[in-house]
Structure formats: C-alpha cells, structure tokens
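S.K.: Pasting a structure here, questions to come.
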Amino acid sequence: MPKIMGLTGDEAIAYAAKQSKVDVVAAYPITPQTIIVEAFSEYVHNGEVHTEFVCVESEHSAMSACIGASLAGARVFTASSSQGLALMHEMLYIASGLRCPIVMGVVNRALSAPINIHGDHSDMMGSRDCGWIQIYCENSQEAYDWVLQAFKIAEDHEVLLPVTVNIDGFILSHALERVEVYDDGDVEKFLSIRNAPFKLDPDNPFTVGALCFTDYYFEIKRQQVEALKNAPPVIDKVNKEFEGLTGKKYSYINTYGLEDAEAAVLCLGSTAGTAKAVAKKLRSQGKRVGVIKPWVYRPFPSEHLLQTLGNLKALAVLDRAICPGAPYGALCSDVVSTLYDNGKQLKVFNAVYGLGGRDITPFDIEAIFNEAMDVAKTGIVKEPLKFVGVRE
Amino acid sequence: MSKESKLGWKKIPIGGLLFEPGSAMQYKTGDWRAFKPIVDQGKCINCLLCWIYCPDAAIVRKEKFIDINYDYCKGCGICANECPVKAITMVEEKK
Ligand code: SF4
Ligand code: SF4
C-alpha cells in the first residue's frame, strides 16, 4: 500500500534514491539542489541506507567519482544545478561516452551572469547534447516516480546511458507537495539490484577510456546515438511495469485536451501544471485548447509528438531558456524540425519565458493561448519568437 | 596505424572499452615515423641509455648492442639525442 508523505521536489528525489538502494552517491551541494544531498546524507548518517557517500570538492569531482563507481558496477546517484552542472559539463560527456548508467537529479536553475539562483532551464539546455537521457517533471510525485524508473531505464543493457531527472528550481524543489510513496518492498520488486554487464575488477582487467583517434572515435559516438534510439522501447517497458505496480501511467508525452484542441501550448516541467489549469478554464468556456508536455526530452519523442497532434492548427512552444542568436529556443527548434520533416502544416510560434525564475502567471499563459487561437483562426504567425513577461 | 580492415560500430565493444589486456601491442605506431633511427652496432657500447629513454619501449636489448623494433618506433629521435657515443643516426623515411 502506498503511503502519503509531504515532500518537496528535492526530498521526493532523495527519497526515491534511498528506496532505489543506490550503492554510491558522490555529490556537491548547490542551491536549489542542496536539499537532495542533505536529505540523503541524513539517511546515511541514520543508517537507513548502506550507501557510500563520497564528499568531494567540486561537481567535476562528483561526476568523476560517479563515473568510477558506475564502471565498478555500482548503482550511482548524484544531483546538481546550474553552475554545478556547468562545471560537470566535461564529465557528463564522459559518463555517457563510457556508458555509465548514473541517475542525476537536476534542479534547474539559471546560469550566470548575472548571478541568479532561481529556476530556468538554461543549465540542462546548456548540456543538452551530452548524450544523457533527459526527463522533465511537472511536480514532486512525477519526480519521485521518474527517479525510480530512471534507474531501470539507465541500467538496461540495451541502453546503458545516464539519465537526468529535471525539476524546476524552487517552484518544485522547495515546494511541499502531497506525494504517494510506495512500500520499500514494492520498489525492491520493481528495481532489483544492478546487474552490470561489465565491472572494473582487478582479476579481470579491462581498459576504459582508451585513446580513439580518427579510426574509431566516430564509430563509438555512433553507438551512443544508437543507445538513445534503443531507449524508447525500454522506456515503454519500464513505464508499463511501473503502471503495473503503481497504477500510474507514464510515457514520453503527457497531453491534456488534445482530443479536440485546435490550439495548444507545449512546455516542459512545472509550467505544464499552470497551462493545464488555464486550459481547463478556457475549455469550460468552450474554447478548444490543449497542453502537450514532453516528459522525455532526450531522446526527443518526435514520433509520439506527431501522433498527439490530432486536429491542432496552432502550437505555442514555451522555452524556459534562450539560445542566443538561434531562430528559436531549443525545445521549439526540436518541435519545428519534427513537424517540418513530416510535412505538417501546423503553425508554430515560440514564447521564451521565465528566465532567472521570473514567474509565469495564468494571465501570461491565457494570453499565449489567446494568441495561439488567433493563429489557428487566421493561419498567420505575427511573431515567431517572442519574450513573455520581460519589460521593454 | 595498422592497415587491416577495421570493425564498424556494430561490432566494437560499447564505449570504446577494451576487454583484452595488453592490446596496445596491436596498435603499431611504426607508420607514424618521419625519421628512422639507424644503429651503428659497431659503435654501440650497450650502455642502454636509449633503452631507458625510449617512450615506446622500441629498443630491443641484445647481448652486445641494441636493436630497434620498427613496428613500434615512432621516430621521435630521443634515443639518438641521448646516445653518448652517437651510435644512432636519424635518417629521413623514404615514402
Ligand atoms: S626514435 Fe624514439 S621511438 Fe624510436 S627507438 Fe628512438 S626513442 Fe624509441
Ligand atoms: S645509447 Fe647508444 S651506446 Fe647506449 S645502448 Fe643505446 S645505442 Fe648503444
């Protein structure tokens, strides 16, 4: 039987990591992720887990230690944010390149400068191409549920890639929510101990990180693309097993009102919650609007997105990060290239919002819906890239 | 770089992991060479300084003098530079 706990997003992630019986945690504190490692170090202190908790001097070292532990066959967890994730950047590529199924809670926060501690997606988007599977959560429950599933996806031998589970800084990390947590025994049934296909072992030595020049490097990067391609069926399988255990349905994309919507908002993370509330109100007024929330951002769920579009005529893509000098934000670029490649005539515009933790209010989102409905009616996009909530 | 046909991405162990220890032996660096060290074995006093300095362990010890394994010698010239009796000369490789 699940029990109900009051948990912040950070605590929910820490609790899931605890129930996942991670062997090693190597982490360095950084706001707004700190609560995760604080909570976890408390579990270690209280003897509630048998995890090797490695205190390191930086995030770069944290990820380095995680990589070593993962290659030794351990189940490994860490967490970071913003500048910490940026400092890890080099090691993120090594973790995926060496095929280490590490799970990391990323509590999204803006990148300096100017310095800011609040939530936006610049940190993860800055490391978007690091070859990790990337999942974005709307609330603490999703964060808890996805961390449990993330280990199973990452460690699958068809995948063997690291996974980030992203939550919005402060909005989720520090907000107390009702979370249904499952019995330790049920989690154990769902997630047995890691069975690594190879582990560092002095008796059976092998070489990790050998130099690969022009003759092999390309092939090994090509394998990583394949591993990400292999992820969708594994994610499906894990989602189904998780549903069997908990009754909770996860997939690549979560939608609201798409059965008849003509205009929709597509966004990642907690903003989807606000967007759904606004869509609900507008739908009660007879307006055909909906919300699309990709849970899985990498590998990008192009096929699933195409299947969800239904009768949509206009789509507003909300990006909580900027790609300076690019035609759109990162998320919108992915959406537009998916549609273009498939000959979809759907009109799209991009709304960049919420940088440095600036609130996105229901009024802002209602205005975006109104604009999307206008585009659906006229077929004309007046402003392909707009900035919502910034002072002129 | 050896010239045998190389495996494609589907056949290579993932992540560039090498499960066979000591496999660096299979990677012949000899064809990197632009200059080739030639030993005058009559001059060599077998002091083994070159053997100590060679970064590729390409110097082969013989009873009275040394020899060079050209499969691995990449022609850096350190041995010629270190030899106290100038028994090694670097000669440009002919293509
Ligand atoms: S040239 Fe360099 S690699 Fe070749 S034998 Fe001399 S020291 Fe060794
Ligand atoms: S350094 Fe010169 S003399 Fe000494 S072993 Fe090498 S070739 Fe012979």
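Please note that chains go A, B, ... in the order of the structure tokens, that every chain numbers its residues from 1, and that ligands are numbered from 1 in the order shown.
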Counting only C-alpha atoms, which residues from chain B have an atom at most 10 Å from any atom of chain A, and could you show them as a list in words?
M.R.: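 The complete set of qualifying residues is Met1, Lys6, Leu7, Gly8, Trp9, Lys10, Lys11, Ile12, Pro13, Ile14, Gly15, Gly16, Leu17, Leu18, Phe19, Glu20, Pro21, Gly22, Ser23 and Ala24 of chain B.
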S.K.: Write as a PyMOL selection string the residues around ligand 2, taking 8 Å as the cut-off and counting only C-alpha atoms and all ligand atoms.
M.R.: chain B and resi 39-41+43-51+65-66+79-80+82-88
S.K.: Just the residues within 7 Å of stretch 132-147 of chain A, please, counting only C-alpha atoms, with nothing from its chain fewer than 3 positions along; format it as a ChimeraX atom specification.
M.R.: /A:8-9,12-13,16-17,96,150-151,161-167,172,177,179-180,268-270,272-273,295-299
S.K.: I need the chosen residues saved as a PDB file, in the first residue's frame, with N, CA and C atoms.
M.R.:
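And here is the file that came out, selection_15.pdb:
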```
ATOM      1  N   THR A   8       8.997  17.942  -0.488  1.00  0.00           N
ATOM      2  CA  THR A   8       9.371  18.914  -1.516  1.00  0.00           C
ATOM      3  C   THR A   8       9.889  18.116  -2.707  1.00  0.00           C
ATOM      4  N   GLY A   9      10.053  18.768  -3.826  1.00  0.00           N
ATOM      5  CA  GLY A   9      10.579  18.094  -5.011  1.00  0.00           C
ATOM      6  C   GLY A   9      11.936  17.482  -4.720  1.00  0.00           C
ATOM      7  N   ALA A  12      11.557  14.487  -2.499  1.00  0.00           N
ATOM      8  CA  ALA A  12      10.958  13.359  -3.236  1.00  0.00           C
ATOM      9  C   ALA A  12      12.037  12.626  -4.030  1.00  0.00           C
ATOM     10  N   ILE A  13      12.951  13.396  -4.612  1.00  0.00           N
ATOM     11  CA  ILE A  13      14.038  12.787  -5.385  1.00  0.00           C
ATOM     12  C   ILE A  13      14.968  12.005  -4.454  1.00  0.00           C
ATOM     13  N   ALA A  16      13.326   8.776  -3.345  1.00  0.00           N
ATOM     14  CA  ALA A  16      13.344   7.755  -4.406  1.00  0.00           C
ATOM     15  C   ALA A  16      14.733   7.137  -4.518  1.00  0.00           C
ATOM     16  N   ALA A  17      15.767   7.972  -4.400  1.00  0.00           N
ATOM     17  CA  ALA A  17      17.141   7.452  -4.496  1.00  0.00           C
ATOM     18  C   ALA A  17      17.409   6.497  -3.333  1.00  0.00           C
ATOM     19  N   SER A  96      28.393   9.495 -20.376  1.00  0.00           N
ATOM     20  CA  SER A  96      27.606   8.860 -21.441  1.00  0.00           C
ATOM     21  C   SER A  96      28.527   8.124 -22.405  1.00  0.00           C
ATOM     22  N   ALA A 150      13.988   5.822 -13.681  1.00  0.00           N
ATOM     23  CA  ALA A 150      15.222   6.221 -14.367  1.00  0.00           C
ATOM     24  C   ALA A 150      16.321   5.172 -14.191  1.00  0.00           C
ATOM     25  N   PHE A 151      16.441   4.625 -12.977  1.00  0.00           N
ATOM     26  CA  PHE A 151      17.487   3.612 -12.750  1.00  0.00           C
ATOM     27  C   PHE A 151      17.262   2.408 -13.659  1.00  0.00           C
ATOM     28  N   LEU A 161      22.875   4.132 -20.435  1.00  0.00           N
ATOM     29  CA  LEU A 161      23.168   5.556 -20.556  1.00  0.00           C
ATOM     30  C   LEU A 161      22.734   6.248 -19.281  1.00  0.00           C
ATOM     31  N   PRO A 162      23.386   7.343 -18.941  1.00  0.00           N
ATOM     32  CA  PRO A 162      22.953   8.093 -17.768  1.00  0.00           C
ATOM     33  C   PRO A 162      21.659   8.874 -18.035  1.00  0.00           C
ATOM     34  N   VAL A 163      20.960   9.177 -16.954  1.00  0.00           N
ATOM     35  CA  VAL A 163      19.659   9.859 -17.062  1.00  0.00           C
ATOM     36  C   VAL A 163      19.628  11.057 -16.119  1.00  0.00           C
ATOM     37  N   THR A 164      19.115  12.198 -16.602  1.00  0.00           N
ATOM     38  CA  THR A 164      18.835  13.295 -15.670  1.00  0.00           C
ATOM     39  C   THR A 164      17.325  13.374 -15.474  1.00  0.00           C
ATOM     40  N   VAL A 165      16.934  13.551 -14.219  1.00  0.00           N
ATOM     41  CA  VAL A 165      15.537  13.800 -13.904  1.00  0.00           C
ATOM     42  C   VAL A 165      15.482  15.259 -13.446  1.00  0.00           C
ATOM     43  N   ASN A 166      14.818  16.092 -14.255  1.00  0.00           N
ATOM     44  CA  ASN A 166      14.833  17.544 -14.029  1.00  0.00           C
ATOM     45  C   ASN A 166      13.590  18.022 -13.295  1.00  0.00           C
ATOM     46  N   ILE A 167      13.814  18.901 -12.313  1.00  0.00           N
ATOM     47  CA  ILE A 167      12.672  19.608 -11.706  1.00  0.00           C
ATOM     48  C   ILE A 167      13.012  21.096 -11.652  1.00  0.00           C
ATOM     49  N   LEU A 172       9.490  23.667  -7.738  1.00  0.00           N
ATOM     50  CA  LEU A 172       9.273  22.286  -7.279  1.00  0.00           C
ATOM     51  C   LEU A 172      10.238  21.902  -6.160  1.00  0.00           C
ATOM     52  N   GLU A 177       4.676  19.178  -1.339  1.00  0.00           N
ATOM     53  CA  GLU A 177       3.510  18.636  -2.043  1.00  0.00           C
ATOM     54  C   GLU A 177       3.147  17.262  -1.483  1.00  0.00           C
ATOM     55  N   VAL A 179       2.821  13.560  -1.839  1.00  0.00           N
ATOM     56  CA  VAL A 179       3.439  12.551  -2.705  1.00  0.00           C
ATOM     57  C   VAL A 179       3.065  11.164  -2.201  1.00  0.00           C
ATOM     58  N   GLU A 180       2.611  10.339  -3.129  1.00  0.00           N
ATOM     59  CA  GLU A 180       2.298   8.957  -2.798  1.00  0.00           C
ATOM     60  C   GLU A 180       3.576   8.157  -2.941  1.00  0.00           C
ATOM     61  N   LEU A 268       7.790  22.234 -20.970  1.00  0.00           N
ATOM     62  CA  LEU A 268       8.407  21.240 -20.093  1.00  0.00           C
ATOM     63  C   LEU A 268       8.169  21.622 -18.636  1.00  0.00           C
ATOM     64  N   GLY A 269       8.109  20.600 -17.775  1.00  0.00           N
ATOM     65  CA  GLY A 269       8.173  20.830 -16.336  1.00  0.00           C
ATOM     66  C   GLY A 269       6.934  21.429 -15.715  1.00  0.00           C
ATOM     67  N   SER A 270       7.156  22.178 -14.645  1.00  0.00           N
ATOM     68  CA  SER A 270       6.050  22.632 -13.798  1.00  0.00           C
ATOM     69  C   SER A 270       5.091  23.573 -14.517  1.00  0.00           C
ATOM     70  N   ALA A 272       3.686  23.219 -17.150  1.00  0.00           N
ATOM     71  CA  ALA A 272       2.575  22.445 -17.721  1.00  0.00           C
ATOM     72  C   ALA A 272       1.392  22.410 -16.753  1.00  0.00           C
ATOM     73  N   GLY A 273       1.680  22.440 -15.461  1.00  0.00           N
ATOM     74  CA  GLY A 273       0.601  22.429 -14.461  1.00  0.00           C
ATOM     75  C   GLY A 273      -0.255  23.672 -14.587  1.00  0.00           C
ATOM     76  N   TRP A 295       7.535  14.476 -21.357  1.00  0.00           N
ATOM     77  CA  TRP A 295       8.236  14.040 -20.145  1.00  0.00           C
ATOM     78  C   TRP A 295       9.699  13.773 -20.499  1.00  0.00           C
ATOM     79  N   VAL A 296       9.829  13.075 -21.637  1.00  0.00           N
ATOM     80  CA  VAL A 296      11.178  12.726 -22.077  1.00  0.00           C
ATOM     81  C   VAL A 296      11.597  13.748 -23.130  1.00  0.00           C
ATOM     82  N   TYR A 297      12.681  14.443 -22.850  1.00  0.00           N
ATOM     83  CA  TYR A 297      13.150  15.451 -23.805  1.00  0.00           C
ATOM     84  C   TYR A 297      14.273  14.893 -24.688  1.00  0.00           C
ATOM     85  N   ARG A 298      15.096  14.015 -24.121  1.00  0.00           N
ATOM     86  CA  ARG A 298      16.102  13.293 -24.906  1.00  0.00           C
ATOM     87  C   ARG A 298      16.010  11.834 -24.521  1.00  0.00           C
ATOM     88  N   PRO A 299      15.859  10.895 -25.470  1.00  0.00           N
ATOM     89  CA  PRO A 299      15.696  11.137 -26.890  1.00  0.00           C
ATOM     90  C   PRO A 299      14.405  11.895 -27.176  1.00  0.00           C
TER      91      PRO A 299
END
```
S.K.: Hey, which of B:Asp31, B:Gly42, B:Gln26, B:Ile59 ends up closest to ligand 1? Count only C-alpha atoms and all ligand atoms.
M.R.: B:Ile59
S.K.: Neighbouring residues of stretch 70-83 of chain A were defined as those with any atom within 6 Å, considering only C-alpha atoms; residues of the same chain fewer than 3 positions away were excluded. Please report them as a VMD selection string.
M.R.: chain A and resid 22 to 27 33 66 to 67 86 100 102 to 111 123 196 199 to 200
S.K.: Could you name the residues that touch B:Tyr72 at 9 Å or less, counting only C-alpha atoms, but leaving out those on the same chain fewer than 6 positions away, as a list in words?
M.R.: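 Listing them by chain and then by number gives Met25, Tyr27, Lys28, Thr29, Gly30, Asp31, Asp56, Ala57 and Ala58 of chain B.
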S.K.: From a DSSP pass on the backbone, collect the residues of stretch 177-380 of chain A flagged as strand (DSSP E) and hand them back as a short mmCIF file (atom, residue, chain, number, x, y, z; two decimals) with N, CA and C atoms, in the first residue's frame.
M.R.:
```cif
data_model
loop_
_atom_site.label_atom_id
_atom_site.label_comp_id
_atom_site.auth_asym_id
_atom_site.auth_seq_id
_atom_site.Cartn_x
_atom_site.Cartn_y
_atom_site.Cartn_z
N GLU A 177 4.68 19.18 -1.34
CA GLU A 177 3.51 18.64 -2.04
C GLU A 177 3.15 17.26 -1.48
N ARG A 178 1.94 16.86 -1.83
CA ARG A 178 1.49 15.53 -1.44
C ARG A 178 2.10 14.52 -2.41
N VAL A 179 2.82 13.56 -1.84
CA VAL A 179 3.44 12.55 -2.71
C VAL A 179 3.06 11.16 -2.20
N GLU A 180 2.61 10.34 -3.13
CA GLU A 180 2.30 8.96 -2.80
C GLU A 180 3.58 8.16 -2.94
N VAL A 181 4.07 7.59 -1.84
CA VAL A 181 5.30 6.78 -1.95
C VAL A 181 4.94 5.31 -1.76
N ILE A 253 5.22 11.53 -23.56
CA ILE A 253 4.50 12.79 -23.65
C ILE A 253 3.21 12.67 -22.85
N ASN A 254 2.86 13.75 -22.17
CA ASN A 254 1.63 13.80 -21.44
C ASN A 254 0.79 14.91 -22.10
N THR A 255 -0.48 14.63 -22.33
CA THR A 255 -1.28 15.66 -23.00
C THR A 255 -2.56 15.95 -22.23
N TYR A 256 -3.13 17.10 -22.53
CA TYR A 256 -4.39 17.47 -21.93
C TYR A 256 -5.26 18.15 -23.00
N ALA A 263 -5.79 24.67 -30.73
CA ALA A 263 -4.60 25.44 -30.35
C ALA A 263 -4.05 24.83 -29.06
N ALA A 264 -2.72 24.74 -28.98
CA ALA A 264 -2.15 24.14 -27.77
C ALA A 264 -0.85 24.83 -27.38
N VAL A 265 -0.52 24.59 -26.12
CA VAL A 265 0.74 25.06 -25.57
C VAL A 265 1.60 23.82 -25.33
N LEU A 266 2.88 23.87 -25.71
CA LEU A 266 3.79 22.76 -25.44
C LEU A 266 4.90 23.28 -24.54
N VAL A 289 -8.74 24.17 -26.61
CA VAL A 289 -7.30 24.32 -26.37
C VAL A 289 -6.78 23.10 -25.62
N GLY A 290 -5.48 22.91 -25.69
CA GLY A 290 -4.88 21.77 -25.01
C GLY A 290 -3.44 22.03 -24.62
N VAL A 291 -2.86 21.06 -23.94
CA VAL A 291 -1.48 21.19 -23.46
C VAL A 291 -0.70 19.92 -23.83
N ILE A 292 0.52 20.12 -24.30
CA ILE A 292 1.41 18.99 -24.57
C ILE A 292 2.64 19.15 -23.69
N LYS A 293 2.92 18.10 -22.91
CA LYS A 293 4.09 18.17 -22.03
C LYS A 293 4.99 16.97 -22.31
N PRO A 294 6.11 17.16 -23.00
CA PRO A 294 7.04 16.04 -23.14
C PRO A 294 7.64 15.71 -21.77
N VAL A 296 9.83 13.08 -21.64
CA VAL A 296 11.18 12.73 -22.08
C VAL A 296 11.60 13.75 -23.13
N TYR A 297 12.68 14.44 -22.85
CA TYR A 297 13.15 15.45 -23.80
C TYR A 297 14.27 14.89 -24.69
N ARG A 298 15.10 14.02 -24.12
CA ARG A 298 16.10 13.29 -24.91
C ARG A 298 16.01 11.83 -24.52
N ALA A 314 -2.63 25.34 -34.40
CA ALA A 314 -1.58 26.25 -33.93
C ALA A 314 -0.98 25.73 -32.63
N LEU A 315 0.33 25.92 -32.52
CA LEU A 315 1.03 25.43 -31.34
C LEU A 315 1.98 26.51 -30.83
N ALA A 316 1.86 26.82 -29.53
CA ALA A 316 2.80 27.76 -28.91
C ALA A 316 3.79 26.92 -28.11
N VAL A 317 5.07 27.01 -28.46
CA VAL A 317 6.08 26.26 -27.73
C VAL A 317 6.75 27.20 -26.74
N LEU A 318 6.75 26.78 -25.47
CA LEU A 318 7.31 27.63 -24.41
C LEU A 318 8.71 27.15 -24.03
N ASP A 319 9.66 28.00 -24.15
CA ASP A 319 11.03 27.65 -23.78
C ASP A 319 11.45 28.44 -22.56
N LYS A 347 0.90 25.69 -37.59
CA LYS A 347 1.61 26.95 -37.34
C LYS A 347 2.19 26.95 -35.93
N VAL A 348 3.43 27.37 -35.84
CA VAL A 348 4.12 27.33 -34.54
C VAL A 348 4.70 28.69 -34.22
N PHE A 349 4.61 29.08 -32.96
CA PHE A 349 5.43 30.21 -32.51
C PHE A 349 6.06 29.85 -31.18
N ASN A 350 7.12 30.57 -30.87
CA ASN A 350 7.93 30.25 -29.70
C ASN A 350 7.83 31.39 -28.68
N ALA A 351 7.48 31.04 -27.45
CA ALA A 351 7.44 32.03 -26.39
C ALA A 351 8.53 31.67 -25.37
N VAL A 352 9.54 32.50 -25.28
CA VAL A 352 10.58 32.31 -24.27
C VAL A 352 10.11 33.04 -23.01
N TYR A 353 10.18 32.37 -21.88
CA TYR A 353 9.59 32.92 -20.66
C TYR A 353 10.43 32.54 -19.44
#
```
S.K.: Could you check how far atom CA of B:Asn69 sits from atom 5 (S, counted along the ligand's line) of ligand 1, in Å to one decimal?
M.R.: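 Result for atom CA of B:Asn69 versus atom 5 (S, counted along the ligand's line) of ligand 1: 7.3 Å, one decimal.
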S.K.: Can you work out which residues are within 6 Å of ligand 1, considering only C-alpha atoms and all ligand atoms, and then hand them over as a list in words?
M.R.: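 Residues lying within 6 Å of ligand 1: Pro37, Cys54, Pro55, Asp56, Ala58, Ile59, Ile68, Cys73, Lys74, Gly75, Cys76, Gly77, Ile78 and Cys79 of chain B.
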S.K.: Write out as a PyMOL selection string the set of residues from stretch 21-261 of chain A that DSSP, computed on the backbone, places in alpha helix (DSSP H).
M.R.: chain A and resi 34-45+59-71+82-97+122-126+140-155+184-190+217-246
S.K.: To one decimal place, how far is atom CA of A:Gln149 from atom CA of A:Val238 in Å?
M.R.: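 So the answer is 6.5 Å.
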S.K.: Hey, can you check how far atom CA of A:Ala175 sits from atom CA of A:Glu57?
M.R.: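 These atoms are spaced 28.3 Å apart.
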S.K.: Could you pull the residues within 8 Å of B:Ile38, counting only C-alpha atoms, minus those fewer than 5 positions along the same chain, as a list of chain:residue names?
M.R.: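 Using only C-alpha atoms, the neighbours found are B:Ile88, B:Thr89, B:Met90, B:Val91.
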S.K.: Give me a file of those residues, with N, CA and C atoms, as a PDB file, in the first residue's frame.
M.R.:
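Everything below was put into again36.pdb:
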```
ATOM      1  N   ILE B  88      73.497   6.314 -32.888  1.00  0.00           N
ATOM      2  CA  ILE B  88      72.202   6.298 -33.589  1.00  0.00           C
ATOM      3  C   ILE B  88      72.082   7.550 -34.466  1.00  0.00           C
ATOM      4  N   THR B  89      71.714   7.331 -35.713  1.00  0.00           N
ATOM      5  CA  THR B  89      71.503   8.470 -36.622  1.00  0.00           C
ATOM      6  C   THR B  89      70.060   8.427 -37.094  1.00  0.00           C
ATOM      7  N   MET B  90      69.460   9.605 -37.193  1.00  0.00           N
ATOM      8  CA  MET B  90      68.085   9.676 -37.683  1.00  0.00           C
ATOM      9  C   MET B  90      68.133   9.921 -39.191  1.00  0.00           C
ATOM     10  N   VAL B  91      67.494   9.025 -39.933  1.00  0.00           N
ATOM     11  CA  VAL B  91      67.523   9.116 -41.389  1.00  0.00           C
ATOM     12  C   VAL B  91      66.085   9.293 -41.881  1.00  0.00           C
TER      13      VAL B  91
END
```
